[in-house]
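Text of run_28.txt, listed as compact mmCIF, C-alpha atoms and all ligand atoms:
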# COMPACT_ATOMS: atom_id res chain seq x y z
CA MET A 415 -54.63 -3.25 12.76
CA SER A 416 -52.28 -3.45 15.74
CA ILE A 417 -48.84 -1.88 15.62
CA ASP A 418 -45.94 -3.75 17.21
CA ALA A 419 -44.24 -1.01 19.27
CA SER A 420 -41.21 -3.22 19.90
CA ALA A 421 -40.52 -3.79 16.16
CA PRO A 422 -37.33 -2.00 15.11
CA VAL A 423 -37.83 1.15 13.07
CA ARG A 424 -36.20 0.82 9.68
CA GLU A 425 -35.10 4.18 8.36
CA PRO A 426 -34.32 6.22 6.39
CA VAL A 427 -36.99 5.15 3.89
CA HIS A 428 -36.69 5.74 0.15
CA GLU A 429 -38.90 3.76 -2.23
CA PHE A 430 -37.14 1.77 -4.95
CA ASP A 431 -38.41 -1.37 -6.70
CA TYR A 432 -35.35 -3.05 -8.20
CA LEU A 433 -37.51 -5.60 -10.02
CA SER A 434 -40.19 -3.51 -11.64
CA GLU A 435 -39.61 0.23 -11.22
CA PRO A 436 -41.02 1.44 -14.59
CA ALA A 437 -38.13 3.91 -15.06
CA LEU A 438 -35.65 1.01 -15.08
CA ALA A 439 -37.23 -0.39 -18.24
CA GLU A 440 -36.74 2.93 -20.03
CA ASP A 441 -33.33 3.99 -18.79
CA LEU A 442 -31.65 1.45 -16.58
CA HIS A 443 -28.34 3.13 -15.80
CA GLY A 444 -29.94 6.59 -15.69
CA THR A 445 -32.37 5.34 -13.02
CA TYR A 446 -29.61 3.79 -10.91
CA TRP A 447 -27.62 7.00 -11.33
CA LYS A 448 -30.57 9.05 -10.02
CA LEU A 449 -30.81 6.67 -7.07
CA LYS A 450 -27.15 7.28 -6.25
CA GLU A 451 -27.72 11.06 -6.42
CA SER A 452 -31.01 11.23 -4.52
CA ALA A 453 -31.12 8.37 -1.99
CA PRO A 454 -29.29 8.04 1.36
CA PRO A 455 -26.17 5.79 1.38
CA VAL A 456 -28.21 3.07 3.14
CA PHE A 457 -32.02 3.09 3.00
CA TRP A 458 -35.08 0.91 3.52
CA THR A 459 -37.61 0.36 0.75
CA HIS A 460 -41.01 -1.32 1.22
CA ALA A 461 -40.83 -2.87 -2.28
CA ASN A 462 -40.64 -6.66 -2.69
CA GLY A 463 -41.43 -7.43 0.93
CA GLY A 464 -39.15 -4.69 2.30
CA HIS A 465 -35.33 -4.60 2.21
CA TRP A 466 -32.28 -2.36 2.56
CA VAL A 467 -30.40 -0.84 -0.40
CA VAL A 468 -26.91 0.68 -0.35
CA THR A 469 -25.82 3.49 -2.67
CA SER A 470 -22.25 4.34 -1.64
CA ALA A 471 -19.03 2.47 -2.39
CA ASP A 472 -18.14 2.29 1.32
CA ALA A 473 -21.46 0.71 2.25
CA ALA A 474 -21.35 -1.73 -0.70
CA ILE A 475 -17.81 -2.87 0.13
CA GLU A 476 -18.67 -3.24 3.81
CA VAL A 477 -21.50 -5.64 2.96
CA LEU A 478 -19.55 -7.63 0.36
CA ARG A 479 -16.48 -8.03 2.56
CA HIS A 480 -18.32 -9.33 5.63
CA PRO A 481 -19.97 -12.64 4.72
CA ASP A 482 -20.17 -13.43 8.46
CA ARG A 483 -22.85 -10.73 8.84
CA PHE A 484 -24.13 -10.59 5.25
CA SER A 485 -24.85 -14.09 3.99
CA SER A 486 -25.24 -15.33 0.40
CA LYS A 487 -27.57 -18.19 1.35
CA PHE A 488 -30.56 -16.52 -0.35
CA LEU A 489 -29.56 -14.95 -3.63
CA SER A 490 -32.94 -13.33 -4.17
CA ILE A 491 -35.14 -10.66 -2.61
CA PRO A 492 -37.57 -11.61 -1.17
CA PRO A 493 -35.56 -14.64 0.06
CA ASN A 494 -36.72 -17.94 -1.44
CA PRO A 495 -36.04 -20.87 0.93
CA ASN A 496 -36.80 -23.33 -1.91
CA GLN A 497 -34.10 -21.96 -4.17
CA PRO A 498 -31.60 -24.72 -5.02
CA ARG A 499 -28.08 -24.39 -3.60
CA MET A 500 -25.76 -22.77 -6.11
CA ILE A 501 -22.21 -23.91 -5.50
CA PRO A 502 -20.13 -21.87 -4.69
CA GLU A 503 -22.13 -18.62 -4.97
CA SER A 504 -24.77 -19.35 -2.34
CA LEU A 505 -22.32 -20.75 0.22
CA ASP A 506 -20.84 -18.83 3.15
CA PRO A 507 -17.56 -19.47 4.97
CA PRO A 508 -16.29 -21.97 5.90
CA GLU A 509 -18.28 -24.09 3.40
CA HIS A 510 -17.51 -21.82 0.43
CA ARG A 511 -13.72 -22.03 0.41
CA PRO A 512 -13.04 -25.70 -0.50
CA TYR A 513 -15.39 -25.50 -3.50
CA ARG A 514 -13.83 -22.24 -4.65
CA GLN A 515 -10.36 -23.82 -4.32
CA LEU A 516 -11.56 -26.81 -6.31
CA LEU A 517 -12.87 -24.69 -9.19
CA ARG A 518 -10.23 -21.95 -9.23
CA PRO A 519 -7.55 -23.77 -11.27
CA TYR A 520 -9.98 -24.18 -14.20
CA PHE A 521 -10.75 -20.45 -14.30
CA GLU A 522 -7.30 -18.95 -13.70
CA SER A 523 -5.83 -16.95 -16.56
CA LYS A 524 -3.38 -19.71 -17.45
CA ALA A 525 -6.28 -22.15 -17.86
CA ILE A 526 -8.35 -19.66 -19.85
CA GLU A 527 -5.68 -18.27 -22.22
CA PRO A 528 -5.47 -21.49 -24.29
CA LEU A 529 -9.17 -21.05 -25.14
CA GLU A 530 -8.43 -17.83 -27.03
CA PRO A 531 -8.10 -19.34 -30.55
CA ARG A 532 -11.48 -21.09 -30.21
CA ILE A 533 -13.11 -17.97 -28.77
CA ARG A 534 -11.71 -16.00 -31.70
CA GLU A 535 -13.05 -18.54 -34.18
CA TRP A 536 -16.52 -18.25 -32.66
CA ALA A 537 -16.40 -14.44 -32.75
CA GLU A 538 -15.28 -14.50 -36.39
CA ARG A 539 -17.88 -17.03 -37.42
CA LEU A 540 -20.77 -15.11 -35.83
CA ILE A 541 -19.63 -11.68 -37.04
CA ASP A 542 -18.99 -13.02 -40.57
CA ALA A 543 -22.57 -14.28 -40.64
CA VAL A 544 -23.95 -10.72 -40.35
CA ALA A 545 -21.13 -8.56 -41.79
CA ALA A 546 -22.43 -8.39 -45.37
CA GLU A 547 -25.96 -7.49 -44.27
CA GLY A 548 -24.97 -4.12 -42.83
CA ARG A 549 -27.42 -4.48 -39.97
CA CYS A 550 -28.43 -6.78 -37.13
CA GLU A 551 -30.31 -7.01 -33.89
CA PHE A 552 -27.20 -7.41 -31.81
CA VAL A 553 -28.56 -9.35 -28.82
CA ASP A 554 -30.21 -12.02 -30.92
CA ALA A 555 -27.67 -12.33 -33.71
CA LEU A 556 -24.46 -12.10 -31.71
CA GLY A 557 -24.63 -11.25 -28.03
CA SER A 558 -26.61 -14.31 -27.02
CA ARG A 559 -24.89 -16.77 -29.40
CA PHE A 560 -21.27 -15.99 -28.63
CA PRO A 561 -21.11 -16.83 -24.89
CA VAL A 562 -23.39 -19.84 -25.37
CA SER A 563 -20.99 -21.43 -27.84
CA VAL A 564 -17.96 -20.68 -25.65
CA PHE A 565 -19.69 -22.05 -22.53
CA MET A 566 -20.95 -25.21 -24.25
CA GLU A 567 -17.55 -26.04 -25.60
CA MET A 568 -15.71 -25.36 -22.35
CA PHE A 569 -18.19 -27.29 -20.27
CA GLY A 570 -18.45 -30.20 -22.69
CA PHE A 571 -21.96 -29.91 -24.17
CA PRO A 572 -22.15 -31.35 -27.70
CA LEU A 573 -22.40 -28.48 -30.15
CA ASP A 574 -25.23 -30.19 -32.04
CA GLN A 575 -27.39 -29.10 -29.07
CA PHE A 576 -26.60 -25.43 -29.79
CA ASP A 577 -30.08 -24.47 -31.03
CA PHE A 578 -31.75 -26.12 -28.05
CA PHE A 579 -29.37 -24.36 -25.66
CA ARG A 580 -29.65 -20.95 -27.18
CA ALA A 581 -33.44 -21.12 -27.31
CA THR A 582 -33.56 -22.31 -23.68
CA VAL A 583 -31.17 -19.59 -22.55
CA VAL A 584 -33.04 -16.83 -24.37
CA GLU A 585 -36.38 -17.91 -22.93
CA TYR A 586 -35.02 -18.58 -19.44
CA PHE A 587 -33.70 -15.03 -19.10
CA ASN A 588 -36.70 -13.37 -20.69
CA ALA A 589 -38.40 -11.20 -18.04
CA GLN A 590 -41.88 -11.99 -19.45
CA VAL A 591 -41.62 -15.73 -18.81
CA ASN A 592 -43.87 -16.88 -15.95
CA GLU A 593 -42.64 -18.93 -13.00
CA GLN A 594 -44.21 -22.18 -14.21
CA ARG A 595 -42.49 -21.97 -17.59
CA ARG A 596 -39.20 -20.97 -15.96
CA MET A 597 -39.47 -24.06 -13.77
CA GLU A 598 -40.00 -26.22 -16.89
CA LEU A 599 -36.94 -24.63 -18.48
CA THR A 600 -34.94 -25.20 -15.28
CA MET A 601 -35.90 -28.89 -15.46
CA GLN A 602 -34.76 -29.02 -19.10
CA ILE A 603 -31.39 -27.51 -18.19
CA LEU A 604 -30.97 -29.85 -15.21
CA GLY A 605 -31.93 -32.77 -17.49
CA ALA A 606 -29.27 -31.80 -20.05
CA LEU A 607 -26.69 -31.45 -17.25
CA THR A 608 -27.60 -34.86 -15.79
CA GLN A 609 -27.24 -36.53 -19.20
CA LEU A 610 -23.89 -34.89 -19.79
CA ILE A 611 -22.56 -35.89 -16.35
CA GLU A 612 -23.65 -39.51 -16.96
CA ALA A 613 -22.03 -39.57 -20.40
CA ARG A 614 -18.73 -38.18 -19.08
CA ARG A 615 -18.77 -40.49 -16.07
CA ALA A 616 -18.88 -43.41 -18.50
CA GLU A 617 -16.45 -41.93 -21.03
CA PRO A 618 -14.35 -38.92 -20.02
CA GLN A 619 -13.42 -36.31 -22.63
CA ASP A 620 -11.22 -33.21 -22.59
CA ASP A 621 -13.74 -30.88 -20.95
CA LEU A 622 -14.61 -29.36 -17.58
CA VAL A 623 -17.45 -31.74 -16.73
CA SER A 624 -15.22 -34.80 -17.26
CA THR A 625 -12.58 -33.22 -15.01
CA LEU A 626 -15.08 -32.41 -12.26
CA VAL A 627 -16.72 -35.85 -12.41
CA HIS A 628 -13.39 -37.62 -11.91
CA THR A 629 -11.60 -35.16 -9.60
CA ASP A 630 -10.91 -35.73 -5.89
CA PHE A 631 -12.67 -33.39 -3.50
CA GLU A 632 -11.69 -33.71 0.14
CA GLY A 633 -10.86 -37.40 -0.33
CA ARG A 634 -14.03 -38.29 -2.27
CA LYS A 635 -15.75 -37.67 -5.60
CA LEU A 636 -18.30 -34.87 -6.02
CA THR A 637 -21.88 -36.08 -5.68
CA GLN A 638 -24.39 -35.83 -8.52
CA ASP A 639 -26.14 -33.00 -6.63
CA GLU A 640 -22.91 -31.05 -6.24
CA LEU A 641 -22.03 -31.49 -9.92
CA ILE A 642 -25.46 -30.34 -11.03
CA SER A 643 -25.39 -27.39 -8.66
CA ILE A 644 -22.00 -26.24 -10.02
CA GLY A 645 -23.16 -26.76 -13.61
CA PHE A 646 -26.38 -24.84 -13.11
CA LEU A 647 -24.58 -21.88 -11.54
CA MET A 648 -22.06 -21.80 -14.41
CA PHE A 649 -25.00 -21.80 -16.79
CA LEU A 650 -26.66 -18.82 -15.05
CA ALA A 651 -23.43 -16.96 -14.33
CA GLY A 652 -21.74 -17.43 -17.68
CA LEU A 653 -24.61 -17.00 -20.09
CA ASP A 654 -26.65 -14.05 -18.92
CA THR A 655 -23.69 -11.81 -18.16
CA VAL A 656 -21.31 -11.61 -21.13
CA VAL A 657 -24.24 -10.95 -23.48
CA ASN A 658 -25.44 -8.05 -21.31
CA ALA A 659 -21.96 -6.60 -20.93
CA LEU A 660 -21.51 -6.66 -24.70
CA ALA A 661 -24.93 -5.14 -25.38
CA PHE A 662 -24.35 -2.23 -22.95
CA GLY A 663 -20.83 -1.77 -24.32
CA MET A 664 -21.93 -1.78 -27.97
CA ARG A 665 -24.70 0.71 -27.22
CA HIS A 666 -22.11 3.10 -25.76
CA LEU A 667 -19.61 2.53 -28.58
CA ALA A 668 -22.29 3.17 -31.20
CA GLU A 669 -22.77 6.65 -29.76
CA ASP A 670 -19.19 7.55 -28.78
CA GLU A 671 -17.27 8.09 -32.00
CA ALA A 672 -13.98 8.99 -30.32
CA LEU A 673 -13.90 5.80 -28.24
CA ARG A 674 -15.04 3.70 -31.21
CA THR A 675 -12.22 5.13 -33.31
CA ARG A 676 -9.71 4.17 -30.63
CA MET A 677 -11.13 0.65 -30.51
CA ILE A 678 -10.63 0.38 -34.28
CA GLU A 679 -7.28 2.13 -34.55
CA GLU A 680 -5.62 1.04 -31.28
CA PRO A 681 -6.64 -2.57 -30.59
CA ALA A 682 -4.07 -2.73 -27.78
CA ARG A 683 -6.37 -0.39 -25.81
CA ILE A 684 -9.34 -2.76 -26.03
CA PRO A 685 -8.75 -4.41 -22.61
CA ALA A 686 -8.83 -0.89 -21.06
CA ILE A 687 -12.01 -0.09 -23.01
CA VAL A 688 -13.61 -3.31 -21.73
CA GLU A 689 -12.77 -2.38 -18.13
CA GLU A 690 -14.00 1.20 -18.38
CA LEU A 691 -17.26 0.07 -20.01
CA MET A 692 -17.75 -2.47 -17.22
CA ARG A 693 -17.25 0.29 -14.67
CA ARG A 694 -19.67 2.70 -16.32
CA TYR A 695 -22.28 0.08 -17.24
CA THR A 696 -22.11 -2.30 -14.28
CA PHE A 697 -25.30 -4.35 -14.34
CA VAL A 698 -25.47 -6.65 -11.29
CA SER A 699 -27.29 -5.81 -8.05
CA THR A 700 -26.54 -8.63 -5.65
CA PRO A 701 -28.62 -9.49 -2.56
CA ARG A 702 -27.35 -10.47 0.87
CA TYR A 703 -29.24 -11.82 3.90
CA ILE A 704 -28.43 -10.15 7.23
CA THR A 705 -27.57 -12.74 9.92
CA GLN A 706 -27.28 -10.47 12.99
CA ASP A 707 -28.33 -7.02 14.15
CA THR A 708 -25.53 -4.79 12.93
CA GLU A 709 -24.72 -1.51 11.15
CA ILE A 710 -23.92 -0.66 7.56
CA ALA A 711 -22.00 2.64 7.28
CA GLY A 712 -23.61 3.80 10.54
CA THR A 713 -27.20 2.73 9.73
CA ARG A 714 -28.75 0.15 12.07
CA VAL A 715 -29.97 -2.98 10.22
CA TYR A 716 -31.53 -6.15 11.60
CA ALA A 717 -31.09 -9.94 11.51
CA GLY A 718 -33.48 -11.53 9.03
CA ASP A 719 -33.57 -8.47 6.72
CA SER A 720 -32.15 -8.49 3.21
CA VAL A 721 -29.90 -5.89 1.63
CA LEU A 722 -29.48 -5.18 -2.08
CA VAL A 723 -26.00 -4.13 -3.22
CA PRO A 724 -26.10 -2.45 -6.64
CA LEU A 725 -22.48 -3.03 -7.68
CA HIS A 726 -22.71 0.05 -9.94
CA MET A 727 -22.27 2.23 -6.87
CA VAL A 728 -18.61 1.25 -6.38
CA GLY A 729 -17.46 2.33 -9.85
CA TRP A 730 -19.62 5.47 -9.75
CA ASP A 731 -18.40 6.82 -6.43
CA GLU A 732 -16.71 10.23 -6.83
CA LYS A 733 -14.38 9.39 -3.93
CA LEU A 734 -12.84 6.60 -6.02
CA THR A 735 -13.28 7.90 -9.57
CA LYS A 736 -13.08 11.48 -10.87
CA CYS A 737 -16.04 12.38 -13.12
CA PRO A 738 -17.47 8.83 -12.93
CA ALA A 739 -20.19 9.53 -15.52
CA GLU A 740 -17.54 9.92 -18.22
CA VAL A 741 -16.09 6.96 -20.10
CA ARG A 742 -12.34 7.74 -20.25
CA LEU A 743 -9.20 5.78 -20.96
CA ASP A 744 -6.82 8.14 -19.17
CA ARG A 745 -7.65 7.04 -15.63
CA PRO A 746 -4.65 5.86 -13.58
CA HIS A 747 -6.87 3.11 -12.09
CA CYS A 748 -10.24 1.82 -13.19
CA ARG A 749 -11.90 1.00 -9.87
CA HIS A 750 -15.18 -0.86 -9.91
CA ALA A 751 -16.97 -3.92 -8.56
CA ALA A 752 -18.76 -5.03 -11.72
CA PHE A 753 -17.44 -8.54 -11.03
CA GLY A 754 -18.20 -8.33 -7.31
CA SER A 755 -15.78 -7.95 -4.41
CA GLY A 756 -14.64 -10.20 -1.56
CA ILE A 757 -14.84 -14.00 -1.43
CA HIS A 758 -17.49 -14.31 -4.15
CA THR A 759 -15.66 -12.17 -6.74
CA CYS A 760 -16.53 -13.61 -10.13
CA LEU A 761 -14.72 -16.85 -10.84
CA GLY A 762 -15.30 -16.35 -14.57
CA ILE A 763 -13.61 -12.93 -14.64
CA HIS A 764 -10.70 -13.99 -16.92
CA LEU A 765 -13.00 -15.85 -19.27
CA ALA A 766 -15.45 -12.93 -19.42
CA ARG A 767 -12.68 -10.37 -20.05
CA LEU A 768 -11.16 -12.56 -22.75
CA GLU A 769 -14.51 -13.10 -24.47
CA MET A 770 -15.25 -9.37 -24.50
CA THR A 771 -11.76 -8.35 -25.65
CA VAL A 772 -11.77 -10.88 -28.48
CA PHE A 773 -15.27 -9.87 -29.49
CA TYR A 774 -14.49 -6.12 -29.72
CA GLU A 775 -11.20 -6.80 -31.54
CA THR A 776 -12.93 -8.99 -34.09
CA TRP A 777 -15.76 -6.50 -34.56
CA ALA A 778 -13.30 -3.59 -34.98
CA ARG A 779 -11.34 -5.54 -37.60
CA LYS A 780 -14.25 -6.96 -39.57
CA ILE A 781 -16.90 -4.24 -39.29
CA GLY A 782 -15.29 -1.08 -37.98
CA HIS A 783 -17.63 1.85 -37.43
CA PHE A 784 -21.31 1.32 -36.72
CA ARG A 785 -24.33 3.21 -35.45
CA MET A 786 -27.63 2.59 -33.73
CA THR A 787 -30.61 2.19 -36.06
CA GLU A 788 -32.67 5.36 -35.81
CA GLY A 789 -36.07 5.42 -34.19
CA GLN A 790 -35.67 2.36 -31.93
CA MET A 791 -36.94 2.44 -28.36
CA LEU A 792 -34.55 0.69 -25.99
CA HIS A 793 -36.03 -1.66 -23.37
CA PHE A 794 -34.08 -2.69 -20.33
CA ARG A 795 -34.65 -5.51 -17.86
CA GLY A 796 -34.30 -4.70 -14.15
CA GLY A 797 -33.69 -7.24 -11.39
CA SER A 798 -30.50 -8.68 -10.07
CA VAL A 799 -28.74 -9.19 -13.42
CA GLN A 800 -29.85 -6.33 -15.65
CA ALA A 801 -30.00 -6.39 -19.43
CA LEU A 802 -30.63 -4.47 -22.62
CA GLU A 803 -33.27 -6.57 -24.36
CA ALA A 804 -32.57 -5.61 -27.98
CA LEU A 805 -30.15 -3.35 -29.85
CA HIS A 806 -30.50 -2.66 -33.57
CA LEU A 807 -27.20 -1.70 -35.20
CA GLU A 808 -26.20 -0.65 -38.73
CA TRP A 809 -22.91 -0.25 -40.59
CA GLU A 810 -21.52 0.11 -44.10
CA PRO A 811 -20.77 -3.44 -45.34
CA GLN A 812 -17.16 -3.75 -46.51
CA THR A 813 -16.80 -4.88 -50.11
C1 LIG B 901 -19.32 -9.85 -17.93
C2 LIG B 901 -19.51 -11.04 -17.42
C3 LIG B 901 -19.70 -11.35 -15.96
C4 LIG B 901 -20.05 -10.54 -14.92
C5 LIG B 901 -20.35 -9.05 -14.94
C6 LIG B 901 -20.08 -11.37 -13.73
C7 LIG B 901 -20.39 -10.91 -12.47
C8 LIG B 901 -20.31 -11.65 -11.32
C9 LIG B 901 -20.56 -11.14 -9.99
C10 LIG B 901 -20.94 -9.71 -9.67
C11 LIG B 901 -20.38 -12.15 -9.11
C12 LIG B 901 -20.50 -12.08 -7.58
C13 LIG B 901 -21.94 -12.17 -7.15
C14 LIG B 901 -22.08 -12.00 -5.66
O1 LIG B 901 -21.19 -11.48 -4.98
O2 LIG B 901 -23.16 -12.37 -5.16
C15 LIG B 901 -20.04 -13.34 -9.88
C16 LIG B 901 -19.79 -14.58 -9.34
C17 LIG B 901 -19.53 -15.69 -10.10
N1 LIG B 901 -19.35 -15.74 -11.47
FE1 LIG B 901 -19.44 -14.19 -12.76
N2 LIG B 901 -19.78 -12.66 -14.07
C18 LIG B 901 -19.51 -12.70 -15.43
C19 LIG B 901 -19.18 -13.81 -16.16
C20 LIG B 901 -18.98 -15.08 -15.67
C21 LIG B 901 -18.63 -16.24 -16.43
C22 LIG B 901 -18.36 -16.24 -17.94
C23 LIG B 901 -18.58 -17.30 -15.56
C24 LIG B 901 -18.25 -18.76 -15.81
C25 LIG B 901 -18.59 -19.47 -16.80
C26 LIG B 901 -18.88 -16.79 -14.24
C27 LIG B 901 -18.90 -17.55 -13.10
C28 LIG B 901 -19.12 -17.05 -11.82
C29 LIG B 901 -19.11 -17.88 -10.62
C30 LIG B 901 -18.88 -19.39 -10.57
C31 LIG B 901 -19.36 -17.03 -9.55
C32 LIG B 901 -19.48 -17.41 -8.07
C33 LIG B 901 -18.14 -17.25 -7.38
C34 LIG B 901 -18.16 -17.55 -5.89
O3 LIG B 901 -19.22 -17.52 -5.29
O4 LIG B 901 -17.08 -17.82 -5.33
N3 LIG B 901 -19.12 -15.44 -14.34
N4 LIG B 901 -20.00 -13.00 -11.23
Would you kindly transcribe this structure into C-alpha cells?
Ligand code: HEM
Amino acid sequence: MSIDASAPVREPVHEFDYLSEPALAEDLHGTYWKLKESAPPVFWTHANGGHWVVTSADAAIEVLRHPDRFSSKFLSIPPNPNQPRMIPESLDPPEHRPYRQLLRPYFESKAIEPLEPRIREWAERLIDAVAAEGRCEFVDALGSRFPVSVFMEMFGFPLDQFDFFRATVVEYFNAQVNEQRRMELTMQILGALTQLIEARRAEPQDDLVSTLVHTDFEGRKLTQDELISIGFLMFLAGLDTVVNALAFGMRHLAEDEALRTRMIEEPARIPAIVEELMRRYTFVSTPRYITQDTEIAGTRVYAGDSVLVPLHMVGWDEKLTKCPAEVRLDRPHCRHAAFGSGIHTCLGIHLARLEMTVFYETWARKIGHFRMTEGQMLHFRGGSVQALEALHLEWEPQT
C-alpha cells in the first residue's frame, strides 16, 4: 500500500461512530455526554468514511453560522450525491433565502396559534384512549400518533389515510429497515404527496398544500418538484422530531418527581419545562460539508470533508449553562441549539413548542403522576435524528 505524503493530516483523532456505536443504543445521552467530556473540541473519526466531529458550543456555532464554508448540500455522512434536494434544508445561500421567506409566514407564531384548539383536541383524544388502562407503550400509543395527526391536518392530507400514514412513518424511521424497503416507503410517501398536490391544484382547500400550489414565488408558481421536495422535508422534519422530544421528555419526567409535580401543579411553567427538557435531551446531530480548507476553533479542516455537529453540545457547555447536567427551571436563560442555529434554524419551532406544551398540559390534567414500568430495557436509535424506541409507562387510572 502506498502512502500519499502530500495528503493533509487530519488530527486529533478520536473514534466515534454516530450511526452504530453500541453504547448509543444503551444510553444515548450518556454516550454523547462522555464524548463531550473525553474528546477534543474538534476531532477526526475514521467511522463512516471518515469525518470531523465538534464537541464544544463555540465550534458548533462557528460551523452552523458559516454556511459559506460549511454547506448543507449533503445532509448525510458519508455524503450521498443521489439524495433528493430537500427545500429549504439542503440549500445554501443565496438559494436558501427566497424559499425560507416563502414558507416563513405559514410557520410564524401568529399562523400557528390558531391551530391550538385542534392540537388540544388531538392530545385529548389520544390520551383519553389510554387513560383508563393505567399503562401504555408511549411511543406507539401516543408519541407517534400525535404529531402525525397534527401534520396531516395542517398539510391537508385526508384523515382517513391516518393508519396508512402512521404505519409508513413508523416503518420509515425504524433503524432496522433496509435501504430497499426505505426506498419503497419513500416512493409511497412521494406518491401520496403527488396525489394530494394534484387534488389541491384542481380544487383548493383551506390547507398548506393548497396555499403552496397556488402561491406566487418569484413571479411564477412552484414546480411539482419543488412542491414535493418541500412536502417531503416537512414529513421528515415534522414527524420524527416531536415524537422523540416527547419520549425523551416523558422518560425524564417519569423519574423526576419534583419536576413532574410542578408540571401538574403549575401548568404555566410547562413552556419552561419544554425548553429545559429540549436543552438537556437535544437529539439532533446535523452534518455539514466543508467547501474550502479552513479552521474550526483553531483546528485545520479540509475542503471535501464532512463535519458532524451534535447540537447537544451547545446546551451542555458549562460556559453557557451552569451545571448543564441538571434539569432546572431557575435558569435566567435556557441556552441551547436543539432547534439548530443560523439560517437553517427550525422553521417548525413554534409548531413543535406548541405541540409539546399542549401535550404535557393535557397529560398533567388527565393523568397526572406516572412512572416507568419496572424491568424494561431502554433502546435508543443513534444517527442524525436520535430516538428512544419504546417507553413503557404506568399510572393510577382516575375514577
Ligand atoms: C421537537 C421538534 C423539532 C426539532 C428538535 C427540530 C429540529 C430541527 C433542527 C435542528 C433543524 C436544523 C437542521 C440543520 O441545521 O441542518 C430543523 C430544521 C427544520 N425544521 Fe425542525 N425540528 C422539530 C420540529 C419541526 C416541525 C414540527 C416542522 C414542520 C412541520 C419542522 C420543520 C423544519 C424545517 C422546514 C427545517 C428546515 C429549515 C431551513 O432549512 O431553513 N421541524 N429542525
task = Figure out the distance between atom C25 of ligand LIG 901 (chain B) and atom CA of Val721 of chain A, please, to one decimal in Å.
result =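 Interatomic distance here is 25.5 Å.
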message = So the first atom is atom CA of Val656 of chain A and the second is atom CA of Arg615 of chain A; what is the distance between them in Å, to one decimal place?
response =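 One can read the atom CA of Val656 of chain A to atom CA of Arg615 of chain A distance as 29.4 Å.
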ask   = Taking into account only C-alpha atoms and all ligand atoms, which residue in the set A:His443, A:Arg674, A:Arg614, A:His480 is nearest to ligand LIG 901 (chain B)?
value =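 Smallest distance to ligand LIG 901 (chain B) is found for A:His480.
Taking atom CA of Met664 of chain A and atom CA of Phe587 of chain A as the two end points, the separation is 19.8 Å.
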message = At a cut-off of 6 Å and counting only C-alpha atoms and all ligand atoms, what residues surround ligand LIG 901 (chain B)? Please answer as a VMD selection string.
response = chain A and resid 502 to 503 514 648 651 to 652 655 to 656 659 698 700 752 to 754 757 to 763 765 to 766
message = Counting only C-alpha atoms, which residue out of A:Pro528, A:Pro738, A:Gly796, A:Gly712 sits closest to Ala473 of chain A?
response =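 The shortest atom-to-atom distance to Ala473 of chain A comes from A:Gly712.
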Shortest interatomic distance to Ile642 of chain A - which of A:Gln609, A:Thr629, A:Thr675, A:Gln575, counting all atoms listed in the file =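 When distances to Ile642 of chain A are compared using all atoms listed in the file, the smallest one comes from A:Gln609.
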query = Using only C-alpha atoms, which of the listed residues (A:Gly782, A:Pro507, A:Pro493, A:Pro454) sits closest to Trp809 of chain A?
reply =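 Checking each candidate against Trp809 of chain A, we get A:Gly782 as the closest.
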query = When distances are computed from all atoms listed in the file, which of A:Leu442, A:Met770, A:Met692, A:Ala581 shows the smallest separation from Cys748 of chain A?
reply =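 Distance minimum relative to Cys748 of chain A lands on A:Met692.
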Residues near Ala717 of chain A, cut-off 7 Å, all atoms listed in the file, skip fewer than 6 positions along chain, as a ChimeraX atom specification = /A:704-707
task = Might you pull out every residue within 12 Å of Arg539 of chain A, with all atoms listed in the file counted and same-chain residues fewer than 5 positions away left off, and present them as a list in words?
result =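 Near neighbours after the sequence-gap exclusion: Arg532, Ile533, Arg534, Val544, Ala545, Ala555, Leu556, Arg559, Phe560, Ser563, Phe773, Thr776, Trp777 and Lys780 of chain A.
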query = Any idea what's packed within 8 Å of Trp458 of chain A, counting all atoms listed in the file, ignoring anything in its chain fewer than 2 positions away? Could you give it as a PyMOL selection string?
reply = chain A and resi 424-429+456+460+464-467
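Compared by their closest atoms to Ala661 of chain A, and using all atoms listed in the file, the residues A:Asp630, A:His764, A:Leu725, A:Gly557 rank with A:Gly557 nearest.
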If you take every atom of segment 468-479 of chain A that the file lists and fit an axis-aligned box around them with 6 Å extra on each side, what centre and edge lengths come out in Å to one decimal, as AutoDock Vina command-line options?
--center_x -21.7 --center_y -1.8 --center_z 0.6 --size_x 22.4 --size_y 24.4 --size_z 18.5
